[in-house]
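Participant: So here's final_34.cif (mmCIF, N, CA and C atoms).
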```
data_data
loop_
_atom_site.label_atom_id
_atom_site.label_comp_id
_atom_site.auth_asym_id
_atom_site.auth_seq_id
_atom_site.Cartn_x
_atom_site.Cartn_y
_atom_site.Cartn_z
N GLN A 1 10.02 17.68 2.30
CA GLN A 1 8.59 17.38 2.44
C GLN A 1 8.13 16.50 1.28
N VAL A 2 7.31 15.53 1.61
CA VAL A 2 6.73 14.64 0.61
C VAL A 2 5.22 14.64 0.80
N GLN A 3 4.49 14.81 -0.28
CA GLN A 3 3.03 14.70 -0.24
C GLN A 3 2.63 13.46 -1.01
N LEU A 4 1.67 12.73 -0.45
CA LEU A 4 1.22 11.47 -1.02
C LEU A 4 -0.28 11.50 -1.25
N VAL A 5 -0.70 11.03 -2.42
CA VAL A 5 -2.13 10.95 -2.72
C VAL A 5 -2.44 9.56 -3.25
N GLU A 6 -3.30 8.84 -2.50
CA GLU A 6 -3.69 7.49 -2.92
C GLU A 6 -4.94 7.54 -3.79
N SER A 7 -5.08 6.53 -4.62
CA SER A 7 -6.29 6.35 -5.41
C SER A 7 -6.45 4.88 -5.74
N GLY A 8 -7.63 4.52 -6.22
CA GLY A 8 -7.86 3.15 -6.68
C GLY A 8 -8.69 2.28 -5.78
N GLY A 9 -9.06 2.78 -4.62
CA GLY A 9 -9.89 1.98 -3.73
C GLY A 9 -11.32 1.87 -4.25
N GLY A 10 -12.12 1.05 -3.57
CA GLY A 10 -13.51 0.90 -3.97
C GLY A 10 -14.11 -0.37 -3.42
N LEU A 11 -15.26 -0.71 -3.97
CA LEU A 11 -15.98 -1.92 -3.58
C LEU A 11 -15.73 -3.01 -4.63
N VAL A 12 -15.37 -4.19 -4.16
CA VAL A 12 -15.10 -5.30 -5.06
C VAL A 12 -15.63 -6.59 -4.44
N GLN A 13 -16.03 -7.51 -5.28
CA GLN A 13 -16.52 -8.80 -4.78
C GLN A 13 -15.37 -9.70 -4.37
N PRO A 14 -15.61 -10.62 -3.47
CA PRO A 14 -14.56 -11.58 -3.11
C PRO A 14 -14.02 -12.28 -4.36
N GLY A 15 -12.70 -12.42 -4.38
CA GLY A 15 -12.04 -13.01 -5.54
C GLY A 15 -11.62 -12.00 -6.59
N GLY A 16 -12.08 -10.76 -6.45
CA GLY A 16 -11.76 -9.74 -7.42
C GLY A 16 -10.40 -9.10 -7.18
N SER A 17 -10.11 -8.09 -8.00
CA SER A 17 -8.81 -7.41 -7.94
C SER A 17 -9.00 -5.90 -7.93
N LEU A 18 -8.04 -5.23 -7.33
CA LEU A 18 -7.95 -3.77 -7.36
C LEU A 18 -6.48 -3.41 -7.43
N ARG A 19 -6.20 -2.25 -8.01
CA ARG A 19 -4.84 -1.73 -7.97
C ARG A 19 -4.87 -0.35 -7.34
N LEU A 20 -4.15 -0.22 -6.25
CA LEU A 20 -4.01 1.07 -5.58
C LEU A 20 -2.79 1.79 -6.12
N SER A 21 -2.91 3.10 -6.23
CA SER A 21 -1.79 3.93 -6.65
C SER A 21 -1.52 4.98 -5.59
N CYS A 22 -0.27 5.37 -5.49
CA CYS A 22 0.14 6.42 -4.54
C CYS A 22 1.11 7.33 -5.28
N ALA A 23 0.65 8.52 -5.59
CA ALA A 23 1.47 9.49 -6.31
C ALA A 23 2.15 10.41 -5.31
N ALA A 24 3.45 10.58 -5.48
CA ALA A 24 4.23 11.39 -4.54
C ALA A 24 4.73 12.66 -5.20
N SER A 25 4.78 13.71 -4.43
CA SER A 25 5.42 14.95 -4.86
C SER A 25 6.40 15.36 -3.78
N GLY A 26 7.40 16.14 -4.16
CA GLY A 26 8.44 16.50 -3.22
C GLY A 26 9.70 15.71 -3.50
N SER A 27 10.71 15.93 -2.71
CA SER A 27 12.01 15.32 -2.98
C SER A 27 12.22 14.08 -2.11
N GLY A 28 13.06 13.21 -2.61
CA GLY A 28 13.46 12.05 -1.82
C GLY A 28 12.71 10.77 -2.11
N PHE A 29 11.72 10.83 -2.98
CA PHE A 29 10.89 9.64 -3.20
C PHE A 29 11.70 8.50 -3.78
N SER A 30 12.57 8.79 -4.72
CA SER A 30 13.25 7.71 -5.44
C SER A 30 14.07 6.83 -4.51
N ASP A 31 14.66 7.38 -3.46
CA ASP A 31 15.51 6.62 -2.56
C ASP A 31 14.80 6.16 -1.30
N SER A 32 13.54 6.40 -1.22
CA SER A 32 12.81 6.14 0.02
C SER A 32 12.36 4.69 0.14
N THR A 33 12.10 4.28 1.37
CA THR A 33 11.36 3.04 1.61
C THR A 33 9.88 3.35 1.40
N LYS A 34 9.22 2.47 0.66
CA LYS A 34 7.81 2.71 0.29
C LYS A 34 6.98 1.57 0.86
N ASN A 35 5.93 1.92 1.56
CA ASN A 35 5.11 0.95 2.28
C ASN A 35 3.64 1.15 1.98
N TRP A 36 2.92 0.07 2.10
CA TRP A 36 1.46 0.10 2.17
C TRP A 36 1.04 -0.48 3.51
N TYR A 37 0.22 0.28 4.24
CA TYR A 37 -0.39 -0.16 5.48
C TYR A 37 -1.91 -0.25 5.27
N ARG A 38 -2.56 -0.91 6.21
CA ARG A 38 -4.02 -0.90 6.21
C ARG A 38 -4.53 -0.91 7.64
N GLN A 39 -5.74 -0.38 7.79
CA GLN A 39 -6.37 -0.34 9.11
C GLN A 39 -7.84 -0.67 8.96
N ALA A 40 -8.23 -1.77 9.57
CA ALA A 40 -9.63 -2.18 9.59
C ALA A 40 -10.31 -1.56 10.81
N PRO A 41 -11.62 -1.43 10.79
CA PRO A 41 -12.34 -0.84 11.94
C PRO A 41 -12.03 -1.59 13.23
N GLY A 42 -11.66 -0.84 14.25
CA GLY A 42 -11.38 -1.44 15.54
C GLY A 42 -10.05 -2.14 15.64
N GLU A 43 -9.24 -2.07 14.58
CA GLU A 43 -7.95 -2.75 14.58
C GLU A 43 -6.82 -1.74 14.50
N GLU A 44 -5.62 -2.21 14.83
CA GLU A 44 -4.44 -1.36 14.68
C GLU A 44 -4.01 -1.31 13.21
N ARG A 45 -3.32 -0.26 12.87
CA ARG A 45 -2.77 -0.15 11.52
C ARG A 45 -1.66 -1.18 11.38
N GLU A 46 -1.65 -1.89 10.25
CA GLU A 46 -0.66 -2.94 10.06
C GLU A 46 0.05 -2.78 8.72
N LEU A 47 1.31 -3.18 8.69
CA LEU A 47 2.11 -3.14 7.48
C LEU A 47 1.71 -4.29 6.57
N VAL A 48 1.39 -3.97 5.33
CA VAL A 48 0.96 -4.97 4.36
C VAL A 48 2.11 -5.35 3.44
N ALA A 49 2.81 -4.36 2.92
CA ALA A 49 3.88 -4.61 1.95
C ALA A 49 4.86 -3.46 1.99
N SER A 50 6.12 -3.77 1.63
CA SER A 50 7.17 -2.75 1.69
C SER A 50 8.19 -3.04 0.60
N ILE A 51 8.75 -1.96 0.06
CA ILE A 51 9.79 -2.13 -0.95
C ILE A 51 10.85 -1.06 -0.74
N THR A 52 12.12 -1.50 -0.80
CA THR A 52 13.25 -0.60 -0.59
C THR A 52 14.35 -0.97 -1.55
N GLY A 53 14.76 -0.01 -2.36
CA GLY A 53 15.88 -0.21 -3.27
C GLY A 53 15.77 -1.49 -4.06
N THR A 54 16.88 -2.27 -4.03
CA THR A 54 16.92 -3.51 -4.79
C THR A 54 16.61 -4.74 -3.93
N PHE A 55 16.24 -4.52 -2.67
CA PHE A 55 15.90 -5.66 -1.81
C PHE A 55 14.59 -6.28 -2.25
N PRO A 56 14.42 -7.59 -1.98
CA PRO A 56 13.14 -8.22 -2.29
C PRO A 56 12.02 -7.56 -1.49
N PRO A 57 10.85 -7.41 -2.06
CA PRO A 57 9.74 -6.81 -1.32
C PRO A 57 9.36 -7.66 -0.11
N TYR A 58 8.82 -6.98 0.89
CA TYR A 58 8.27 -7.67 2.06
C TYR A 58 6.76 -7.70 1.95
N TYR A 59 6.17 -8.84 2.34
CA TYR A 59 4.70 -8.96 2.39
C TYR A 59 4.29 -9.58 3.72
N ASP A 60 3.23 -9.07 4.28
CA ASP A 60 2.64 -9.73 5.44
C ASP A 60 2.14 -11.11 5.00
N HIS A 61 2.18 -12.06 5.91
CA HIS A 61 1.80 -13.43 5.56
C HIS A 61 0.36 -13.51 5.05
N SER A 62 -0.48 -12.59 5.50
CA SER A 62 -1.90 -12.65 5.12
C SER A 62 -2.14 -12.27 3.66
N VAL A 63 -1.16 -11.61 3.03
CA VAL A 63 -1.35 -11.16 1.64
C VAL A 63 -0.33 -11.76 0.69
N LYS A 64 0.64 -12.48 1.22
CA LYS A 64 1.70 -13.03 0.38
C LYS A 64 1.11 -13.97 -0.66
N GLY A 65 1.54 -13.78 -1.90
CA GLY A 65 1.02 -14.59 -3.00
C GLY A 65 -0.21 -13.99 -3.67
N ARG A 66 -0.80 -12.96 -3.02
CA ARG A 66 -1.99 -12.31 -3.60
C ARG A 66 -1.74 -10.85 -3.96
N PHE A 67 -0.91 -10.16 -3.19
CA PHE A 67 -0.64 -8.74 -3.40
C PHE A 67 0.76 -8.56 -3.98
N ILE A 68 0.92 -7.53 -4.80
CA ILE A 68 2.22 -7.20 -5.36
C ILE A 68 2.46 -5.71 -5.22
N ILE A 69 3.58 -5.34 -4.59
CA ILE A 69 3.97 -3.94 -4.49
C ILE A 69 4.99 -3.64 -5.58
N SER A 70 4.85 -2.48 -6.19
CA SER A 70 5.79 -2.07 -7.23
C SER A 70 5.89 -0.56 -7.24
N ARG A 71 6.90 -0.06 -7.95
CA ARG A 71 7.02 1.39 -8.02
C ARG A 71 7.51 1.79 -9.40
N ASP A 72 7.15 2.99 -9.81
CA ASP A 72 7.60 3.61 -11.04
C ASP A 72 8.28 4.91 -10.63
N ILE A 73 9.61 4.86 -10.58
CA ILE A 73 10.35 6.02 -10.10
C ILE A 73 10.15 7.22 -11.02
N ALA A 74 10.07 6.98 -12.32
CA ALA A 74 9.89 8.10 -13.26
C ALA A 74 8.57 8.82 -13.03
N LYS A 75 7.57 8.08 -12.54
CA LYS A 75 6.26 8.68 -12.27
C LYS A 75 6.08 9.03 -10.80
N ASN A 76 7.10 8.79 -9.98
CA ASN A 76 6.99 9.04 -8.53
C ASN A 76 5.75 8.36 -7.95
N THR A 77 5.54 7.13 -8.31
CA THR A 77 4.33 6.42 -7.92
C THR A 77 4.66 5.02 -7.41
N VAL A 78 3.95 4.61 -6.38
CA VAL A 78 4.04 3.25 -5.87
C VAL A 78 2.65 2.63 -5.98
N TYR A 79 2.63 1.33 -6.30
CA TYR A 79 1.38 0.64 -6.56
C TYR A 79 1.22 -0.55 -5.60
N LEU A 80 -0.02 -0.94 -5.42
CA LEU A 80 -0.31 -2.19 -4.74
C LEU A 80 -1.37 -2.91 -5.56
N GLN A 81 -0.95 -3.96 -6.24
CA GLN A 81 -1.87 -4.80 -6.99
C GLN A 81 -2.42 -5.84 -6.03
N MET A 82 -3.73 -5.87 -5.89
CA MET A 82 -4.38 -6.77 -4.94
C MET A 82 -5.27 -7.74 -5.71
N ASN A 83 -4.94 -9.02 -5.62
CA ASN A 83 -5.67 -10.07 -6.32
C ASN A 83 -6.31 -11.02 -5.31
N SER A 84 -7.26 -11.78 -5.79
CA SER A 84 -7.94 -12.78 -4.95
C SER A 84 -8.38 -12.17 -3.62
N LEU A 85 -9.02 -11.04 -3.71
CA LEU A 85 -9.38 -10.30 -2.50
C LEU A 85 -10.39 -11.06 -1.66
N LYS A 86 -10.25 -10.90 -0.35
CA LYS A 86 -11.11 -11.56 0.63
C LYS A 86 -11.82 -10.51 1.48
N PRO A 87 -12.95 -10.87 2.08
CA PRO A 87 -13.63 -9.90 2.95
C PRO A 87 -12.72 -9.36 4.05
N GLU A 88 -11.80 -10.16 4.53
CA GLU A 88 -10.91 -9.70 5.60
C GLU A 88 -9.86 -8.70 5.11
N ASP A 89 -9.79 -8.47 3.81
CA ASP A 89 -8.91 -7.42 3.29
C ASP A 89 -9.57 -6.04 3.38
N THR A 90 -10.83 -6.00 3.77
CA THR A 90 -11.53 -4.73 3.90
C THR A 90 -10.85 -3.84 4.94
N ALA A 91 -10.50 -2.63 4.51
CA ALA A 91 -9.77 -1.70 5.38
C ALA A 91 -9.55 -0.40 4.64
N VAL A 92 -9.06 0.59 5.37
CA VAL A 92 -8.51 1.78 4.73
C VAL A 92 -7.03 1.51 4.49
N TYR A 93 -6.60 1.71 3.28
CA TYR A 93 -5.21 1.46 2.90
C TYR A 93 -4.47 2.79 2.80
N TYR A 94 -3.28 2.80 3.41
CA TYR A 94 -2.47 4.01 3.48
C TYR A 94 -1.11 3.77 2.81
N CYS A 95 -0.73 4.72 2.01
CA CYS A 95 0.61 4.76 1.45
C CYS A 95 1.53 5.47 2.46
N ASN A 96 2.74 5.00 2.55
CA ASN A 96 3.70 5.57 3.50
C ASN A 96 5.09 5.51 2.87
N VAL A 97 5.83 6.60 3.01
CA VAL A 97 7.23 6.57 2.58
C VAL A 97 8.10 7.10 3.71
N VAL A 98 9.31 6.62 3.77
CA VAL A 98 10.25 7.04 4.79
C VAL A 98 11.42 7.72 4.08
N VAL A 99 11.59 8.99 4.34
CA VAL A 99 12.65 9.77 3.72
C VAL A 99 13.49 10.40 4.82
N GLY A 100 14.77 10.04 4.85
CA GLY A 100 15.64 10.61 5.87
C GLY A 100 15.16 10.34 7.28
N GLY A 101 14.54 9.19 7.48
CA GLY A 101 14.05 8.83 8.81
C GLY A 101 12.70 9.41 9.17
N VAL A 102 12.12 10.18 8.29
CA VAL A 102 10.81 10.81 8.53
C VAL A 102 9.75 10.05 7.75
N MET A 103 8.64 9.73 8.44
CA MET A 103 7.55 9.00 7.79
C MET A 103 6.51 9.98 7.27
N TYR A 104 6.09 9.78 6.05
CA TYR A 104 5.03 10.58 5.44
C TYR A 104 3.88 9.64 5.09
N TRP A 105 2.65 10.14 5.28
CA TRP A 105 1.45 9.34 5.06
C TRP A 105 0.52 10.00 4.06
N GLY A 106 -0.15 9.15 3.28
CA GLY A 106 -1.24 9.62 2.47
C GLY A 106 -2.52 9.70 3.29
N GLN A 107 -3.60 10.10 2.63
CA GLN A 107 -4.86 10.30 3.33
C GLN A 107 -5.65 9.01 3.49
N GLY A 108 -5.26 7.98 2.77
CA GLY A 108 -5.95 6.70 2.85
C GLY A 108 -7.01 6.54 1.77
N THR A 109 -7.24 5.29 1.39
CA THR A 109 -8.28 4.97 0.43
C THR A 109 -9.01 3.72 0.91
N GLN A 110 -10.33 3.75 0.87
CA GLN A 110 -11.14 2.66 1.39
C GLN A 110 -11.22 1.52 0.39
N VAL A 111 -10.96 0.32 0.87
CA VAL A 111 -11.16 -0.91 0.10
C VAL A 111 -12.19 -1.76 0.83
N THR A 112 -13.26 -2.10 0.14
CA THR A 112 -14.31 -2.93 0.73
C THR A 112 -14.51 -4.16 -0.14
N VAL A 113 -14.38 -5.32 0.47
CA VAL A 113 -14.55 -6.58 -0.25
C VAL A 113 -15.82 -7.24 0.28
N SER A 114 -16.83 -7.28 -0.57
CA SER A 114 -18.12 -7.78 -0.13
C SER A 114 -18.95 -8.21 -1.33
N SER A 115 -19.76 -9.22 -1.12
CA SER A 115 -20.68 -9.64 -2.17
C SER A 115 -22.04 -8.95 -2.00
#
```
Translate the structure described by the file into C-alpha cells.

Facilitator:
Amino acid sequence: QVQLVESGGGLVQPGGSLRLSCAASGSGFSDSTKNWYRQAPGEERELVASITGTFPPYYDHSVKGRFIISRDIAKNTVYLQMNSLKPEDTAVYYCNVVVGGVMYWGQGTQVTVSS
C-alpha cells in the first residue's frame, strides 16, 4: 500500500510559478513510476509528466519546456515545478505512482492561474 499527499497548489498570476509536492508513505516508492496528472472542469484527466528510473522524463506537449518533474527518493517525494503558468493550466493536479502494476492516487491539489 502507498499513501500519497499532495501540497503546493494555489492561486497564481499568469507567468508565475508553483511547485507541487507529493509525499509518499508505504513501500515500493523508490522503484515506482511517478506521474503527475491534471483534470480541468469538464475535461478528462490527462497525464502531464512522468518519471521512471533512469529514463528521460516524459512531458505532455502542452507543458514541455515549462514544467519539470523530479523526485527525492530519500524523502519519498516527487515534485512538479511549474513555470510560465498559463490560465489553461488551471486544474486539479493529482500525484500518481504505479507499484507492482497497481496505481495509487493522491487527493489532488487545486492550481488556479488567473489575474

Participant: Could you tell me how far CA of Val92 in chain A lies from atom N of Gly42 in chain A, in Å and to one decimal?

Facilitator: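 About the pair CA of Val92 in chain A and atom N of Gly42 in chain A: they are 10.4 Å apart.
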
Participant: With only C-alpha atoms as the counted atoms, please give the residues lying no more than 10 Å from range 69-79 of chain A, apart from itself and same-chain residues fewer than 5 positions off, as JSON, numbers by chain.

Facilitator: {"A": [4, 5, 6, 7, 8, 19, 20, 21, 22, 23, 24, 25, 26, 27, 28, 29, 30, 31, 34, 35, 36, 48, 49, 50, 51, 52, 57, 58, 59, 95, 96, 97]}

Participant: List the residues matched by the PyMOL selection byres (((chain A and resi 43 and name CA) around 12) and name CA) in the displayed structure as a ChimeraX atom specification, ordered by chain and then by residue number.

Facilitator: /A:38-42,44-46,88,90-92

Participant: Please save N, CA and C atoms of the selected residues as an mmCIF file, in the coordinates of the input.

Facilitator:
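In the end it all went to again_12.cif:
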```
data_model
loop_
_atom_site.group_PDB
_atom_site.id
_atom_site.type_symbol
_atom_site.label_atom_id
_atom_site.label_comp_id
_atom_site.auth_asym_id
_atom_site.auth_seq_id
_atom_site.Cartn_x
_atom_site.Cartn_y
_atom_site.Cartn_z
ATOM 1 N N ARG A 38 -2.560 -0.910 6.210
ATOM 2 C CA ARG A 38 -4.020 -0.900 6.210
ATOM 3 C C ARG A 38 -4.530 -0.910 7.640
ATOM 4 N N GLN A 39 -5.740 -0.380 7.790
ATOM 5 C CA GLN A 39 -6.370 -0.340 9.110
ATOM 6 C C GLN A 39 -7.840 -0.670 8.960
ATOM 7 N N ALA A 40 -8.230 -1.770 9.570
ATOM 8 C CA ALA A 40 -9.630 -2.180 9.590
ATOM 9 C C ALA A 40 -10.310 -1.560 10.810
ATOM 10 N N PRO A 41 -11.620 -1.430 10.790
ATOM 11 C CA PRO A 41 -12.340 -0.840 11.940
ATOM 12 C C PRO A 41 -12.030 -1.590 13.230
ATOM 13 N N GLY A 42 -11.660 -0.840 14.250
ATOM 14 C CA GLY A 42 -11.380 -1.440 15.540
ATOM 15 C C GLY A 42 -10.050 -2.140 15.640
ATOM 16 N N GLU A 44 -5.620 -2.210 14.830
ATOM 17 C CA GLU A 44 -4.440 -1.360 14.680
ATOM 18 C C GLU A 44 -4.010 -1.310 13.210
ATOM 19 N N ARG A 45 -3.320 -0.260 12.870
ATOM 20 C CA ARG A 45 -2.770 -0.150 11.520
ATOM 21 C C ARG A 45 -1.660 -1.180 11.380
ATOM 22 N N GLU A 46 -1.650 -1.890 10.250
ATOM 23 C CA GLU A 46 -0.660 -2.940 10.060
ATOM 24 C C GLU A 46 0.050 -2.780 8.720
ATOM 25 N N GLU A 88 -11.800 -10.160 4.530
ATOM 26 C CA GLU A 88 -10.910 -9.700 5.600
ATOM 27 C C GLU A 88 -9.860 -8.700 5.110
ATOM 28 N N THR A 90 -10.830 -6.000 3.770
ATOM 29 C CA THR A 90 -11.530 -4.730 3.900
ATOM 30 C C THR A 90 -10.850 -3.840 4.940
ATOM 31 N N ALA A 91 -10.500 -2.630 4.510
ATOM 32 C CA ALA A 91 -9.770 -1.700 5.380
ATOM 33 C C ALA A 91 -9.550 -0.400 4.640
ATOM 34 N N VAL A 92 -9.060 0.590 5.370
ATOM 35 C CA VAL A 92 -8.510 1.780 4.730
ATOM 36 C C VAL A 92 -7.030 1.510 4.490
#
```

Participant: Just list as a ChimeraX atom specification whatever in chain A DSSP marks as strand (DSSP E).

Facilitator: /A:2-7,10-12,18-26,33-39,46-51,58-59,67-72,77-82,91-99,102-105,109-113

Participant: Any chance you could tabulate, as a tab-separated table, the residues of range 86-110 of chain A at most 9 Å from range 10-15 of chain A with each one's nearest atom pair and distance in Å to one decimal, using only C-alpha atoms, in chain and rising number order?

Facilitator:
```
residue	atom	partner	partner_atom	distance
A:Lys86	CA	A:Pro14	CA	5.1
A:Pro87	CA	A:Pro14	CA	6.4
A:Thr109	CA	A:Gly10	CA	8.0
A:Gln110	CA	A:Gly10	CA	6.1
```

Participant: Please, could you write that set of residues out with N, CA and C atoms as a tab-separated table (two decimals), keeping the file's coordinate frame?

Facilitator:
```
chain	number	residue	atom	x	y	z
A	86	LYS	N	-10.25	-10.90	-0.35
A	86	LYS	CA	-11.11	-11.56	0.63
A	86	LYS	C	-11.82	-10.51	1.48
A	87	PRO	N	-12.95	-10.87	2.08
A	87	PRO	CA	-13.63	-9.90	2.95
A	87	PRO	C	-12.72	-9.36	4.05
A	109	THR	N	-7.24	5.29	1.39
A	109	THR	CA	-8.28	4.97	0.43
A	109	THR	C	-9.01	3.72	0.91
A	110	GLN	N	-10.33	3.75	0.87
A	110	GLN	CA	-11.14	2.66	1.39
A	110	GLN	C	-11.22	1.52	0.39
```

Participant: So which residues get picked by the PyMOL selection byres ((chain A and resi 18) around 6) here, written as a list of chain:residue names?

Facilitator: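 The output of the PyMOL selection byres ((chain A and resi 18) around 6) on this file is A:Gly16, A:Ser17, A:Arg19, A:Leu20, A:Leu80, A:Gln81, A:Met82, A:Asn83.
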
Participant: Could you dump the residues just selected with N, CA and C atoms as a CSV table (one decimal), in the coordinates of the input?

Facilitator:
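Saved the output as out_9.csv:
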```csv
chain,number,residue,atom,x,y,z
A,16,GLY,N,-12.1,-10.8,-6.4
A,16,GLY,CA,-11.8,-9.7,-7.4
A,16,GLY,C,-10.4,-9.1,-7.2
A,17,SER,N,-10.1,-8.1,-8.0
A,17,SER,CA,-8.8,-7.4,-7.9
A,17,SER,C,-9.0,-5.9,-7.9
A,19,ARG,N,-6.2,-2.2,-8.0
A,19,ARG,CA,-4.8,-1.7,-8.0
A,19,ARG,C,-4.9,-0.4,-7.3
A,20,LEU,N,-4.2,-0.2,-6.2
A,20,LEU,CA,-4.0,1.1,-5.6
A,20,LEU,C,-2.8,1.8,-6.1
A,80,LEU,N,0.0,-0.9,-5.4
A,80,LEU,CA,-0.3,-2.2,-4.7
A,80,LEU,C,-1.4,-2.9,-5.6
A,81,GLN,N,-1.0,-4.0,-6.2
A,81,GLN,CA,-1.9,-4.8,-7.0
A,81,GLN,C,-2.4,-5.8,-6.0
A,82,MET,N,-3.7,-5.9,-5.9
A,82,MET,CA,-4.4,-6.8,-4.9
A,82,MET,C,-5.3,-7.7,-5.7
A,83,ASN,N,-4.9,-9.0,-5.6
A,83,ASN,CA,-5.7,-10.1,-6.3
A,83,ASN,C,-6.3,-11.0,-5.3
```

Participant: May I ask which of the residues A:Tyr37, A:Gly9, A:His61, A:Ser32 is the closest one to Tyr93 in chain A, counting only N, CA and C atoms?

Facilitator: A:Tyr37
